[in-house]
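Beneath this line is the structure, given in structure tokens, with notes to follow.
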There are 2 protein chains.
Amino acid sequence: MTYCVGVKLEEGLIFASDSRTHAGVDNYAKFCKMTVFERPGDRVLVLLSSGGLAATQAVINVLRKRASAEPPHIWSAASMFDVANLVSDAMRHIERRDGPFLESGGLTFNASFIVGGQIAGEEMRLFRIYAEGNFIEAGTDTPFLQTGEAKYGKPILDLAVTSRATLQDATKCVLVSFDSTMLSNLSVGRPIDLLCYSRDSLRVTMKRRFDVDDIYFDALTQQWLAGTRKVFRELPSLEW
Amino acid sequence: MTYCVGVKLEEGLIFASDSRTHAGVDNYAKFCKMTVFERPGDRVLVLLSSGGLAATQAVINVLRKRASAEPPHIWSAASMFDVANLVSDAMRHIERRDGPFLESGGLTFNASFIVGGQIAGEEMRLFRIYAEGNFIEAGTDTPFLQTGEAKYGKPILDLAVTSRATLQDATKCVLVSFDSTMLSNLSVGRPIDLLCYSRDSLRVTMKRRFDVDDIYFDALTQQWLAGTRKVFRELPSLEW
């Protein structure tokens, strides 16, 4: 499995992805699922990938290859909507190429992306692109989008991630959401890649990897555990 | 869907079930999914049902019918293991009867149960019976068993439900786990039926229903929300 989260706040954007891939529990590996395209002062685009690794890597490679050829491509796109469509086009290109061969092996094309960022002159935007290439956009009512193993981590995001949350608070919440997910699903694992984007900065200044021995991550999740256990003890008990 | 939780603590047992059934979002209803068999001083048996309502109701009816005939039945069973086998037998009976007809409609027999309690002379025990009639038993390492929509509520149970938790604290945790689940899955809904069993009491003294306007339930979940938001604010922020 995989776990990826994208958040759109008034203050900025948060992107986080785990890095575990597997073909059965006896065959697992680490791959970064976060791809960043940055041209400081002009645009920051972030992609988080879920699904088959062959499919997601192929899509990223197509995007990179096209980016160094004639427009339209991710560097020429005038809006995030155009970027989402370019990712969708690359996905459909790979599906057309690989789909029939996958089908002969009883498989289907399986890749989906969280895509977000900001282009100079436009607001920040955040999309989730499904395997079929169609997509949805986050809004103020639903400020976060998840892919992969989304259920274990959702209640924690629901607690504290609203559009008006600060980047700092929402980032803590996203990391705890990863911890909850990793506790219950072995196919989601550290390192976790995190990128926080500050609105209108048009550059990447906060990018960080949390490995298995990360002191901050461990302190955060232990304090969360201790803090919530205290909340439970202090909740009113049921009178019979 | 459905959400049911059974917990085995040193102090006692907790059983909780939602009461929503549906055949599509345009056709939902309320049915109690908790069945109690009690003979004070001798035995307390609790069943929580998940799956198709026709199947689970049929199984409960078979158990009741057999209970008023010749042994073996739930009143004669000498151990909770025997009770679990009797439930399993009733499930297989219904599957044999209904299975071929369901199959002709493209369906399969779909019923599973959480079964727990205590019989005089034996320790408390807690089982989860799968649709095929085989079953597992909770232990000290894994003191809770869930059925139905289990993922949203699991991280909260993981926070505070250990074998050594008090009945009071674990009950609060189970109720918050239901709240988290209902927030994300419309097919899980109140009323919630709750039964807390005190070890070696061999009688039911704590049974309660939480309806949609339950003052305690609403206060509990609001304080949980406020408490955890405070924990988030107080967690160490990431330094960049």
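Chain labels follow the order of the structure tokens: the first chain is A, the next B, and so on; residue numbering restarts at 1 in every chain, and ligands are counted from 1 in their shown order.
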Could the residues of chain A that have an atom at most 10 Å from chain B be listed as CSV, each with its closest atom pair and the distance in Å to one decimal, counting only C-alpha atoms and ordered by chain and ascending residue number?
```
residue,atom,partner,partner_atom,distance
A:Glu149,CA,B:Lys151,CA,9.6
A:Ala150,CA,B:Tyr152,CA,9.0
A:Lys151,CA,B:Tyr152,CA,5.2
A:Tyr152,CA,B:Tyr152,CA,5.1
A:Gly153,CA,B:Tyr152,CA,7.5
A:Lys154,CA,B:Tyr152,CA,6.9
A:Pro155,CA,B:Ser180,CA,5.7
A:Ile156,CA,B:Ser180,CA,8.8
A:Asp158,CA,B:Leu183,CA,8.8
A:Leu159,CA,B:Leu225,CA,6.5
A:Ala160,CA,B:Arg229,CA,6.2
A:Val161,CA,B:Arg229,CA,9.9
A:Thr166,CA,B:Arg233,CA,9.9
A:Leu167,CA,B:Ser237,CA,9.9
A:Gln168,CA,B:Ser237,CA,6.2
A:Asp169,CA,B:Arg233,CA,6.3
A:Ala170,CA,B:Phe232,CA,8.7
A:Thr171,CA,B:Leu238,CA,8.2
A:Lys172,CA,B:Phe232,CA,7.0
A:Cys173,CA,B:Phe232,CA,6.9
A:Val176,CA,B:Phe232,CA,9.4
A:Ser177,CA,B:Pro155,CA,9.3
A:Asp179,CA,B:Pro155,CA,9.4
A:Ser180,CA,B:Pro155,CA,5.7
A:Thr181,CA,B:Pro155,CA,7.8
A:Leu183,CA,B:Pro155,CA,8.0
A:Ser184,CA,B:Pro155,CA,7.7
A:Thr205,CA,B:Trp240,CA,8.3
A:Met206,CA,B:Trp240,CA,6.3
A:Lys207,CA,B:Trp240,CA,8.4
A:Arg208,CA,B:Trp240,CA,8.5
A:Tyr216,CA,B:Leu238,CA,7.6
A:Phe217,CA,B:Leu238,CA,9.2
A:Ala219,CA,B:Pro236,CA,8.2
A:Leu220,CA,B:Leu235,CA,6.4
A:Thr221,CA,B:Leu235,CA,8.9
A:Gln222,CA,B:Leu235,CA,9.8
A:Gln223,CA,B:Leu235,CA,6.7
A:Trp224,CA,B:Val231,CA,6.8
A:Leu225,CA,B:Leu159,CA,6.5
A:Ala226,CA,B:Leu159,CA,8.9
A:Gly227,CA,B:Val231,CA,5.8
A:Thr228,CA,B:Thr228,CA,6.3
A:Arg229,CA,B:Ala160,CA,6.2
A:Lys230,CA,B:Gly227,CA,9.0
A:Val231,CA,B:Gly227,CA,5.8
A:Phe232,CA,B:Asp169,CA,6.6
A:Arg233,CA,B:Asp169,CA,6.2
A:Glu234,CA,B:Gly227,CA,9.1
A:Leu235,CA,B:Leu220,CA,6.4
A:Pro236,CA,B:Leu220,CA,6.6
A:Ser237,CA,B:Gln168,CA,6.2
A:Leu238,CA,B:Gln168,CA,7.2
A:Glu239,CA,B:Tyr216,CA,9.4
A:Trp240,CA,B:Met206,CA,6.3
```
Mind writing the picked residues with C-alpha atoms as a PDB file, in the first residue's frame?
```
ATOM      1  CA  GLU A 149      -4.336   3.554   3.082  1.00  0.00           C
ATOM      2  CA  ALA A 150      -6.485   6.537   4.004  1.00  0.00           C
ATOM      3  CA  LYS A 151      -8.836   5.295   6.740  1.00  0.00           C
ATOM      4  CA  TYR A 152      -6.586   4.825   9.773  1.00  0.00           C
ATOM      5  CA  GLY A 153      -5.215   8.345   9.497  1.00  0.00           C
ATOM      6  CA  LYS A 154      -8.388  10.236   8.603  1.00  0.00           C
ATOM      7  CA  PRO A 155      -9.970  10.746  12.068  1.00  0.00           C
ATOM      8  CA  ILE A 156      -6.785  12.450  13.248  1.00  0.00           C
ATOM      9  CA  ASP A 158     -10.463  15.508  10.941  1.00  0.00           C
ATOM     10  CA  LEU A 159      -9.558  16.609  14.475  1.00  0.00           C
ATOM     11  CA  ALA A 160      -7.295  19.482  13.587  1.00  0.00           C
ATOM     12  CA  VAL A 161      -6.953  20.085   9.856  1.00  0.00           C
ATOM     13  CA  THR A 166      -1.639  27.007  10.904  1.00  0.00           C
ATOM     14  CA  LEU A 167       1.022  25.267   8.822  1.00  0.00           C
ATOM     15  CA  GLN A 168       2.720  24.311  12.099  1.00  0.00           C
ATOM     16  CA  ASP A 169      -0.330  22.687  13.717  1.00  0.00           C
ATOM     17  CA  ALA A 170      -1.532  20.953  10.583  1.00  0.00           C
ATOM     18  CA  THR A 171       1.959  19.561   9.946  1.00  0.00           C
ATOM     19  CA  LYS A 172       2.036  17.978  13.422  1.00  0.00           C
ATOM     20  CA  CYS A 173      -1.388  16.511  12.703  1.00  0.00           C
ATOM     21  CA  VAL A 176       0.591  11.851  13.744  1.00  0.00           C
ATOM     22  CA  SER A 177      -1.802  10.644  11.034  1.00  0.00           C
ATOM     23  CA  ASP A 179       2.103   7.292  12.751  1.00  0.00           C
ATOM     24  CA  SER A 180      -1.436   5.915  13.277  1.00  0.00           C
ATOM     25  CA  THR A 181      -1.454   4.461   9.789  1.00  0.00           C
ATOM     26  CA  LEU A 183       0.880   1.223  13.416  1.00  0.00           C
ATOM     27  CA  SER A 184      -1.919  -0.680  11.685  1.00  0.00           C
ATOM     28  CA  THR A 205      12.219  26.200   1.755  1.00  0.00           C
ATOM     29  CA  MET A 206      10.750  23.494   3.996  1.00  0.00           C
ATOM     30  CA  LYS A 207      11.429  19.949   2.864  1.00  0.00           C
ATOM     31  CA  ARG A 208      12.389  17.191   5.216  1.00  0.00           C
ATOM     32  CA  TYR A 216      11.618  14.745  16.321  1.00  0.00           C
ATOM     33  CA  PHE A 217       9.128  12.259  14.872  1.00  0.00           C
ATOM     34  CA  ALA A 219       9.176  12.679  20.374  1.00  0.00           C
ATOM     35  CA  LEU A 220       6.083  13.993  18.587  1.00  0.00           C
ATOM     36  CA  THR A 221       4.282  10.654  18.496  1.00  0.00           C
ATOM     37  CA  GLN A 222       5.205   9.791  22.090  1.00  0.00           C
ATOM     38  CA  GLN A 223       3.877  13.124  23.323  1.00  0.00           C
ATOM     39  CA  TRP A 224       0.730  12.607  21.293  1.00  0.00           C
ATOM     40  CA  LEU A 225       0.260   9.206  22.932  1.00  0.00           C
ATOM     41  CA  ALA A 226       0.836  10.560  26.447  1.00  0.00           C
ATOM     42  CA  GLY A 227      -1.339  13.618  25.801  1.00  0.00           C
ATOM     43  CA  THR A 228      -4.311  11.716  24.429  1.00  0.00           C
ATOM     44  CA  ARG A 229      -4.159   9.123  27.216  1.00  0.00           C
ATOM     45  CA  LYS A 230      -4.412  12.015  29.658  1.00  0.00           C
ATOM     46  CA  VAL A 231      -7.398  13.401  27.722  1.00  0.00           C
ATOM     47  CA  PHE A 232      -9.094   9.974  28.005  1.00  0.00           C
ATOM     48  CA  ARG A 233      -8.525   9.818  31.756  1.00  0.00           C
ATOM     49  CA  GLU A 234     -10.015  13.303  32.167  1.00  0.00           C
ATOM     50  CA  LEU A 235     -13.116  12.684  30.046  1.00  0.00           C
ATOM     51  CA  PRO A 236     -16.304  12.334  32.106  1.00  0.00           C
ATOM     52  CA  SER A 237     -16.979   8.733  33.100  1.00  0.00           C
ATOM     53  CA  LEU A 238     -20.290   7.082  32.407  1.00  0.00           C
ATOM     54  CA  GLU A 239     -22.595   6.875  35.423  1.00  0.00           C
ATOM     55  CA  TRP A 240     -24.598   3.648  35.629  1.00  0.00           C
TER      56      TRP A 240
END
```
| said: So that I can see what lies close to range 43-51 of chain A, please list as a PyMOL selection string the residues with an atom at most 6 Å from it, counting only C-alpha atoms and leaving out residues fewer than 4 positions away in the same chain. | reply: chain A and resi 33-39+110-119+202
Would you export the selected residues with N, CA and C atoms as a short mmCIF file (atom, residue, chain, number, x, y, z; two decimals), in the first residue's frame, please?
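The new file part_1.cif reads:
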```
data_model
loop_
_atom_site.label_atom_id
_atom_site.label_comp_id
_atom_site.auth_asym_id
_atom_site.auth_seq_id
_atom_site.Cartn_x
_atom_site.Cartn_y
_atom_site.Cartn_z
N LYS A 33 8.18 8.76 -2.98
CA LYS A 33 6.95 8.93 -3.76
C LYS A 33 6.62 10.40 -3.99
N MET A 34 7.55 11.28 -3.62
CA MET A 34 7.33 12.72 -3.77
C MET A 34 8.24 13.27 -4.88
N THR A 35 7.63 13.98 -5.81
CA THR A 35 8.40 14.59 -6.91
C THR A 35 8.12 16.09 -6.90
N VAL A 36 9.20 16.87 -6.95
CA VAL A 36 9.05 18.33 -6.89
C VAL A 36 9.60 18.97 -8.16
N PHE A 37 8.82 19.87 -8.74
CA PHE A 37 9.29 20.70 -9.85
C PHE A 37 9.27 22.14 -9.35
N GLU A 38 10.44 22.76 -9.31
CA GLU A 38 10.53 24.11 -8.74
C GLU A 38 11.28 25.05 -9.68
N ARG A 39 10.72 26.22 -9.92
CA ARG A 39 11.45 27.30 -10.58
C ARG A 39 11.20 28.51 -9.70
N ASN A 110 -2.59 1.00 -12.66
CA ASN A 110 -2.96 1.42 -11.32
C ASN A 110 -2.00 2.50 -10.84
N ALA A 111 -2.38 3.75 -11.06
CA ALA A 111 -1.55 4.85 -10.58
C ALA A 111 -2.49 6.01 -10.26
N SER A 112 -2.24 6.69 -9.17
CA SER A 112 -2.99 7.90 -8.91
C SER A 112 -2.07 8.91 -8.24
N PHE A 113 -2.43 10.17 -8.34
CA PHE A 113 -1.53 11.22 -7.87
C PHE A 113 -2.27 12.28 -7.06
N ILE A 114 -1.57 12.82 -6.07
CA ILE A 114 -1.98 14.09 -5.48
C ILE A 114 -1.04 15.12 -6.10
N VAL A 115 -1.60 16.16 -6.68
CA VAL A 115 -0.82 17.18 -7.37
C VAL A 115 -1.22 18.54 -6.82
N GLY A 116 -0.25 19.31 -6.40
CA GLY A 116 -0.57 20.64 -5.91
C GLY A 116 0.59 21.59 -6.05
N GLY A 117 0.33 22.85 -5.75
CA GLY A 117 1.39 23.84 -5.84
C GLY A 117 0.84 25.20 -6.17
N GLN A 118 1.71 26.03 -6.67
CA GLN A 118 1.31 27.39 -7.04
C GLN A 118 2.14 27.87 -8.22
N ILE A 119 1.47 28.58 -9.11
CA ILE A 119 2.13 29.21 -10.26
C ILE A 119 1.94 30.71 -10.11
N LEU A 202 6.52 30.88 -3.66
CA LEU A 202 6.99 30.40 -4.98
C LEU A 202 8.39 29.80 -4.94
#
```
Set the distance at 12 Å and use only C-alpha atoms: which residues neighbour Val25 in chain A once local chain neighbours fewer than 6 positions away are removed? I'd like the list as an mmCIF file with N, CA and C atoms, in the first residue's frame.
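Saved the output as around-v7.cif:
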```
data_model
loop_
_atom_site.group_PDB
_atom_site.id
_atom_site.type_symbol
_atom_site.label_atom_id
_atom_site.label_comp_id
_atom_site.auth_asym_id
_atom_site.auth_seq_id
_atom_site.Cartn_x
_atom_site.Cartn_y
_atom_site.Cartn_z
ATOM 1 N N MET A 1 0.855 -1.198 0.000
ATOM 2 C CA MET A 1 0.000 0.000 0.000
ATOM 3 C C MET A 1 0.886 1.241 0.000
ATOM 4 N N ASN A 185 -0.863 -0.725 9.494
ATOM 5 C CA ASN A 185 -0.645 -1.289 8.160
ATOM 6 C C ASN A 185 0.844 -1.353 7.865
ATOM 7 N N LEU A 186 1.359 -2.577 7.846
ATOM 8 C CA LEU A 186 2.794 -2.813 7.617
ATOM 9 C C LEU A 186 3.257 -2.333 6.254
ATOM 10 N N SER A 187 2.333 -2.166 5.325
ATOM 11 C CA SER A 187 2.735 -1.780 3.973
ATOM 12 C C SER A 187 2.855 -0.262 3.823
ATOM 13 N N VAL A 188 2.733 0.454 4.942
ATOM 14 C CA VAL A 188 3.036 1.892 4.963
ATOM 15 C C VAL A 188 4.210 2.057 5.921
#
```
| message | To test your reading of the structure, identify every residue in range 2-199 of chain A that backbone DSSP assigns to strand (DSSP E or B), and report it as a VMD selection string. | response | chain A and resid 3 to 8 12 to 17 20 to 22 28 to 30 34 to 39 43 to 51 111 to 119 125 to 129 135 to 137 144 to 148 192 to 198
Could you please take those selected residues and save C-alpha atoms as an mmCIF file, in the first residue's frame?
```cif
data_model
loop_
_atom_site.group_PDB
_atom_site.id
_atom_site.type_symbol
_atom_site.label_atom_id
_atom_site.label_comp_id
_atom_site.auth_asym_id
_atom_site.auth_seq_id
_atom_site.Cartn_x
_atom_site.Cartn_y
_atom_site.Cartn_z
ATOM 1 C CA TYR A 3 -0.150 6.630 2.306
ATOM 2 C CA CYS A 4 -0.044 10.149 0.873
ATOM 3 C CA VAL A 5 -1.663 13.327 2.163
ATOM 4 C CA GLY A 6 -2.019 16.760 0.586
ATOM 5 C CA VAL A 7 -3.423 19.690 2.575
ATOM 6 C CA LYS A 8 -4.482 23.141 1.415
ATOM 7 C CA GLY A 12 0.088 27.219 2.580
ATOM 8 C CA LEU A 13 0.241 23.628 1.405
ATOM 9 C CA ILE A 14 1.460 20.432 3.051
ATOM 10 C CA PHE A 15 2.530 17.308 1.187
ATOM 11 C CA ALA A 16 3.564 14.063 2.846
ATOM 12 C CA SER A 17 4.203 10.554 1.556
ATOM 13 C CA ARG A 20 7.299 1.754 1.307
ATOM 14 C CA THR A 21 6.584 -0.341 -1.762
ATOM 15 C CA HIS A 22 5.952 -4.058 -1.727
ATOM 16 C CA TYR A 28 9.350 -4.746 0.244
ATOM 17 C CA ALA A 29 11.534 -1.759 -0.551
ATOM 18 C CA LYS A 30 11.960 1.999 -0.157
ATOM 19 C CA MET A 34 7.329 12.716 -3.769
ATOM 20 C CA THR A 35 8.398 14.589 -6.905
ATOM 21 C CA VAL A 36 9.049 18.328 -6.887
ATOM 22 C CA PHE A 37 9.287 20.703 -9.852
ATOM 23 C CA GLU A 38 10.531 24.112 -8.743
ATOM 24 C CA ARG A 39 11.449 27.297 -10.583
ATOM 25 C CA ARG A 43 6.257 27.924 -9.713
ATOM 26 C CA VAL A 44 6.371 25.088 -7.236
ATOM 27 C CA LEU A 45 4.665 21.835 -8.256
ATOM 28 C CA VAL A 46 4.540 18.756 -6.047
ATOM 29 C CA LEU A 47 3.367 15.272 -6.996
ATOM 30 C CA LEU A 48 2.684 12.419 -4.575
ATOM 31 C CA SER A 49 2.270 9.018 -6.205
ATOM 32 C CA SER A 50 0.265 5.943 -5.270
ATOM 33 C CA GLY A 51 -0.224 2.668 -7.086
ATOM 34 C CA ALA A 111 -1.552 4.853 -10.576
ATOM 35 C CA SER A 112 -2.994 7.903 -8.908
ATOM 36 C CA PHE A 113 -1.532 11.218 -7.867
ATOM 37 C CA ILE A 114 -1.976 14.088 -5.480
ATOM 38 C CA VAL A 115 -0.819 17.183 -7.369
ATOM 39 C CA GLY A 116 -0.575 20.639 -5.906
ATOM 40 C CA GLY A 117 1.391 23.840 -5.835
ATOM 41 C CA GLN A 118 1.308 27.386 -7.041
ATOM 42 C CA ILE A 119 2.126 29.210 -10.263
ATOM 43 C CA ARG A 125 -4.344 24.629 -5.738
ATOM 44 C CA LEU A 126 -4.481 20.968 -4.794
ATOM 45 C CA PHE A 127 -5.844 18.055 -6.848
ATOM 46 C CA ARG A 128 -6.292 14.333 -6.601
ATOM 47 C CA ILE A 129 -6.003 12.527 -9.913
ATOM 48 C CA PHE A 135 -9.533 14.560 -10.944
ATOM 49 C CA ILE A 136 -11.021 16.498 -8.035
ATOM 50 C CA GLU A 137 -9.821 19.659 -6.312
ATOM 51 C CA PHE A 144 -7.104 17.597 2.639
ATOM 52 C CA LEU A 145 -6.879 14.780 0.115
ATOM 53 C CA GLN A 146 -5.507 11.325 0.849
ATOM 54 C CA THR A 147 -4.495 8.369 -1.310
ATOM 55 C CA GLY A 148 -3.681 4.773 -0.463
ATOM 56 C CA ILE A 192 8.225 9.904 5.440
ATOM 57 C CA ASP A 193 8.864 12.745 3.008
ATOM 58 C CA LEU A 194 7.374 16.090 4.025
ATOM 59 C CA LEU A 195 7.151 19.374 2.154
ATOM 60 C CA CYS A 196 5.516 22.485 3.599
ATOM 61 C CA TYR A 197 4.891 25.315 1.169
ATOM 62 C CA SER A 198 4.296 28.852 2.363
#
```
| task | Fewer than 5 positions away in the same chain doesn't count, so skip those; otherwise give me all residues within 10 Å of Asp214 in chain A, counting only C-alpha atoms, as number ranges by chain. | result | A: 190-191, 209, 219
| message | Quick check for you: according to DSSP on this backbone, which residues of range 7-240 of chain B are classed as helix (DSSP H, G or I)? Reply as a ChimeraX atom specification. | response | /B:53-67,80-104,154-160,167-184,215-234
| Selection near Pro72 in chain B, 12 Å with only C-alpha atoms, sequence-local residues under 2 positions removed, as an MDAnalysis selection string | chainID B and resid 63 65:70 74:79 82:83 85:87 89
| field | Selection near Asp200 in chain B, 8 Å with only C-alpha atoms, sequence-local residues under 5 positions removed, as a PyMOL selection string | value | chain B and resi 118+120+123-124
